[in-house]
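Asker: This is final.txt, which holds compact mmCIF, C-alpha atoms:
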# COMPACT_ATOMS: atom_id res chain seq x y z
CA MET C 759 9.76 -42.36 27.32
CA LYS C 760 11.78 -39.63 25.61
CA LEU C 761 12.81 -42.10 22.93
CA ILE C 762 9.20 -43.03 22.20
CA ILE C 763 8.10 -39.40 21.94
CA THR C 764 11.06 -38.55 19.71
CA THR C 765 10.31 -41.51 17.46
CA LEU C 766 6.64 -40.56 17.16
CA LEU C 767 7.52 -36.96 16.31
CA LEU C 768 10.01 -38.12 13.67
CA ILE C 769 7.44 -40.42 12.05
CA LEU C 770 4.86 -37.62 12.06
CA LYS C 771 7.33 -35.20 10.51
CA LEU C 772 8.25 -37.69 7.75
CA ASN C 773 4.57 -38.33 7.06
CA LEU C 774 3.87 -34.61 6.64
CA PHE C 775 6.85 -34.23 4.30
CA ALA C 776 5.72 -37.18 2.17
CA GLN C 777 2.24 -35.72 1.74
CA SER C 778 3.58 -32.43 0.37
CA ASN C 779 5.36 -34.34 -2.41
CA GLN C 780 2.02 -35.47 -3.87
CA PHE C 781 1.51 -32.01 -5.37
CA ALA C 782 4.82 -31.83 -7.24
CA GLY C 783 4.85 -32.99 -10.85
CA ASP C 784 3.77 -32.08 -14.36
CA TYR C 785 0.28 -30.86 -15.21
CA THR C 786 -1.03 -30.34 -18.75
CA ARG C 787 -4.17 -29.43 -20.64
CA SER C 788 -4.70 -29.38 -24.40
CA LEU C 789 -7.77 -28.02 -26.18
CA SER C 790 -8.04 -28.12 -29.95
CA SER C 791 -10.39 -28.01 -32.89
CA GLU C 792 -9.95 -27.47 -36.62
CA ASN C 793 -9.16 -23.77 -36.25
CA HIS C 794 -7.39 -23.44 -32.94
CA LYS C 795 -5.13 -25.13 -30.44
CA LEU C 796 -4.51 -24.20 -26.79
CA GLU C 797 -1.96 -25.91 -24.57
CA TYR C 798 -1.19 -25.36 -20.90
CA ALA C 799 1.84 -26.93 -19.18
CA LEU C 800 2.70 -26.44 -15.51
CA THR C 801 5.57 -28.04 -13.59
CA LEU C 802 5.57 -27.93 -9.79
CA ASN C 803 9.08 -28.74 -8.58
CA GLN C 804 9.91 -30.40 -5.24
CA ASP C 805 11.87 -27.32 -4.14
CA GLY C 806 8.75 -25.12 -4.19
CA THR C 807 9.32 -23.50 -7.58
CA PHE C 808 7.17 -23.74 -10.70
CA GLU C 809 7.32 -23.08 -14.43
CA PHE C 810 4.33 -22.48 -16.69
CA HIS C 811 4.00 -22.46 -20.49
CA TYR C 812 0.95 -21.39 -22.48
CA TYR C 813 0.77 -21.99 -26.23
CA SER C 814 -2.00 -20.94 -28.58
CA ASN C 815 -2.36 -21.26 -32.33
CA ILE C 816 -5.54 -19.63 -33.58
CA GLN C 817 -6.10 -19.42 -37.33
CA GLY C 818 -6.97 -15.86 -38.27
CA GLY C 819 -5.78 -14.58 -34.89
CA THR C 820 -3.38 -11.68 -34.48
CA PRO C 821 -0.79 -12.97 -33.84
CA GLN C 822 -1.67 -16.46 -34.98
CA GLU C 823 0.83 -18.23 -32.69
CA VAL C 824 1.49 -17.17 -29.08
CA ASN C 825 3.88 -18.54 -26.44
CA LYS C 826 3.72 -17.17 -22.88
CA TYR C 827 5.77 -18.24 -19.88
CA GLY C 828 5.63 -17.78 -16.14
CA LYS C 829 7.67 -18.94 -13.16
CA GLY C 830 7.91 -18.39 -9.44
CA LYS C 831 7.25 -20.16 -6.15
CA TRP C 832 4.36 -22.27 -4.91
CA SER C 833 3.18 -23.37 -1.47
CA GLU C 834 0.41 -25.66 -0.22
CA LYS C 835 -2.05 -25.42 2.62
CA ASP C 836 -5.20 -27.55 2.96
CA ASN C 837 -5.07 -28.73 -0.69
CA LEU C 838 -4.86 -25.14 -1.94
CA ILE C 839 -1.79 -24.23 -3.96
CA THR C 840 -0.78 -20.57 -3.77
CA PHE C 841 1.48 -19.16 -6.47
CA SER C 842 3.73 -16.12 -6.28
CA SER C 843 6.14 -14.42 -8.66
CA ASP C 844 8.84 -11.98 -7.66
CA LYS C 845 8.82 -9.10 -10.13
CA THR C 846 12.59 -8.59 -9.84
CA THR C 847 13.81 -12.19 -10.17
CA ASP C 848 11.01 -14.19 -11.84
CA LEU C 849 9.78 -11.79 -14.52
CA ASN C 850 11.83 -10.83 -17.58
CA GLU C 851 11.53 -10.73 -21.38
CA LYS C 852 10.68 -14.45 -21.59
CA TYR C 853 8.75 -14.97 -18.34
CA THR C 854 6.03 -12.32 -18.54
CA LEU C 855 3.09 -13.97 -16.72
CA ASP C 856 2.77 -12.81 -13.11
CA PHE C 857 1.17 -15.58 -11.05
CA SER C 858 1.07 -13.53 -7.85
CA HIS C 859 -2.29 -13.83 -6.10
CA SER C 860 -3.12 -17.03 -8.02
CA THR C 861 -4.69 -19.96 -6.18
CA ALA C 862 -5.54 -23.47 -7.36
CA ARG C 863 -7.27 -26.37 -5.65
CA PHE C 864 -5.62 -29.81 -5.74
CA VAL C 865 -8.34 -32.32 -6.65
CA THR C 866 -7.86 -36.08 -6.40
CA LYS C 867 -9.97 -39.11 -5.58
CA ASN C 868 -10.61 -39.44 -1.88
CA PRO C 869 -8.69 -42.46 -0.52
CA ARG C 870 -11.82 -43.54 1.37
CA ASP C 871 -13.83 -43.67 -1.86
CA LYS C 872 -13.85 -47.36 -2.85
CA SER C 873 -16.14 -46.92 -5.87
CA ASP C 874 -15.04 -47.44 -9.48
CA LYS C 875 -15.46 -43.74 -10.17
CA ILE C 876 -12.44 -42.33 -11.99
CA VAL C 877 -11.26 -38.94 -10.77
CA LYS C 878 -8.29 -37.47 -12.62
CA THR C 879 -5.81 -35.69 -10.40
CA LYS C 880 -5.83 -32.02 -11.33
CA LEU C 881 -5.27 -28.44 -10.32
CA GLN C 882 -8.35 -26.25 -10.64
CA PHE C 883 -7.45 -22.56 -10.73
CA LEU C 884 -9.83 -20.58 -8.53
CA GLU C 885 -8.29 -17.12 -8.52
CA SER C 886 -5.76 -15.40 -10.73
CA GLU C 887 -4.95 -11.93 -11.97
CA ILE C 888 -4.38 -13.64 -15.35
CA LEU C 889 -8.01 -13.54 -16.50
CA TRP C 890 -7.89 -16.55 -18.83
CA MET C 891 -6.45 -18.77 -16.04
CA ARG C 892 -9.56 -18.54 -13.84
CA ARG C 893 -11.54 -21.81 -13.69
CA ILE C 894 -8.98 -23.69 -15.83
CA ASP C 895 -8.38 -27.36 -14.92
CA ILE C 896 -4.87 -28.70 -15.56
CA PHE C 897 -4.46 -32.47 -15.20
CA LYS C 898 -1.49 -34.27 -13.66
CA VAL C 899 0.52 -36.39 -16.05
What does this structure look like when you write it as structure tokens?

Answerer:
Amino acid sequence: MKLIITTLLLILKLNLFAQSNQFAGDYTRSLSSENHKLEYALTLNQDGTFEFHYYSNIQGGTPQEVNKYGKGKWSEKDNLITFSSDKTTDLNEKYTLDFSHSTARFVTKNPRDKSDKIVKTKLQFLESEILWMRRIDIFKV
């Protein structure tokens, strides 16, 4: 009986660990027209860390070309990804974006949905102290 319970707990634990890996990966978004280009790139690593890069090239803008970076830690609960950045270790001259208090929803097609509807896997930012990150969708590569 102990062996059966131990086996069931081990299988449950492995299943929970496998589900958390679905969030890790690369996410990107590119918006462009004749006069401007915006690119977002986010990498969620398996170890719970992330890196973010924002690039903009706006003709007539001051400055015309901008690169901004952020990094820190992420965690998941109920398909919500919470980001945090430690001001002492994650922020410096290069990494200036503070993702503390940022939350994104992980959106994917429901496995029970058998229709032909295509739903791209994405992160939809709900809250962020970085104003231009609110309501941004970044798609998984």

Asker: So which residues touch region 806-816 of chain C within 7 Å, counting all atoms listed in the file, skipping near sequence neighbours fewer than 5 positions away, as an mmCIF file with C-alpha atoms, keeping the file's coordinate frame?

Answerer:
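Saved the output as selection-v5.cif:
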data_model
loop_
_atom_site.group_PDB
_atom_site.id
_atom_site.type_symbol
_atom_site.label_atom_id
_atom_site.label_comp_id
_atom_site.auth_asym_id
_atom_site.auth_seq_id
_atom_site.Cartn_x
_atom_site.Cartn_y
_atom_site.Cartn_z
ATOM 1 C CA ASN C 793 -9.160 -23.770 -36.250
ATOM 2 C CA HIS C 794 -7.390 -23.440 -32.940
ATOM 3 C CA LYS C 795 -5.130 -25.130 -30.440
ATOM 4 C CA LEU C 796 -4.510 -24.200 -26.790
ATOM 5 C CA GLU C 797 -1.960 -25.910 -24.570
ATOM 6 C CA TYR C 798 -1.190 -25.360 -20.900
ATOM 7 C CA ALA C 799 1.840 -26.930 -19.180
ATOM 8 C CA LEU C 800 2.700 -26.440 -15.510
ATOM 9 C CA THR C 801 5.570 -28.040 -13.590
ATOM 10 C CA GLN C 822 -1.670 -16.460 -34.980
ATOM 11 C CA GLU C 823 0.830 -18.230 -32.690
ATOM 12 C CA VAL C 824 1.490 -17.170 -29.080
ATOM 13 C CA ASN C 825 3.880 -18.540 -26.440
ATOM 14 C CA LYS C 826 3.720 -17.170 -22.880
ATOM 15 C CA TYR C 827 5.770 -18.240 -19.880
ATOM 16 C CA GLY C 828 5.630 -17.780 -16.140
ATOM 17 C CA LYS C 829 7.670 -18.940 -13.160
ATOM 18 C CA GLY C 830 7.910 -18.390 -9.440
ATOM 19 C CA LYS C 831 7.250 -20.160 -6.150
ATOM 20 C CA TRP C 832 4.360 -22.270 -4.910
ATOM 21 C CA SER C 833 3.180 -23.370 -1.470
#

Asker: Counting only C-alpha atoms, which of C:Thr847, C:Ser790, C:Asn837, C:Gln804 gets nearest to Thr879 (chain C)?

Answerer: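 Selected residue with least distance to Thr879 (chain C): C:Asn837.
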
Asker: As a VMD selection string, please: the residues near region 893-899 of chain C (cut-off 8 Å, all atoms listed in the file, same-chain neighbours under 2 positions excluded).

Answerer: chain C and resid 783 to 787 798 to 800 878 to 885 890 to 891

Asker: Using all atoms listed in the file, which protein or nucleic acid residues come within 9 Å of Ser860 (chain C)? Drop anything in the same chain fewer than 2 positions from it, and give the result as a list in words.

Answerer: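 Everything that qualifies: Ile839, Thr840, Phe841, Ser842, Asp856, Phe857, Ser858, Ala862, Phe883, Leu884, Glu885, Ser886, Glu887, Ile888, Met891 and Arg892 of chain C.
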
Asker: Any idea what the distance is between CA of Thr846 (chain C) and CA of Arg863 (chain C)?

Answerer: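 CA of Arg863 (chain C) lies at a distance of 27.0 Å from CA of Thr846 (chain C).
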
Asker: By how many Å are CA of Phe781 (chain C) and CA of Thr854 (chain C) apart?

Answerer: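 We find that CA of Phe781 (chain C) and CA of Thr854 (chain C) lie 24.1 Å from each other.
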
Asker: How many Å separate CA of Glu851 (chain C) from CA of Ser788 (chain C)?

Answerer: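 If I compute the distance from CA of Glu851 (chain C) to CA of Ser788 (chain C), I get 24.9 Å.
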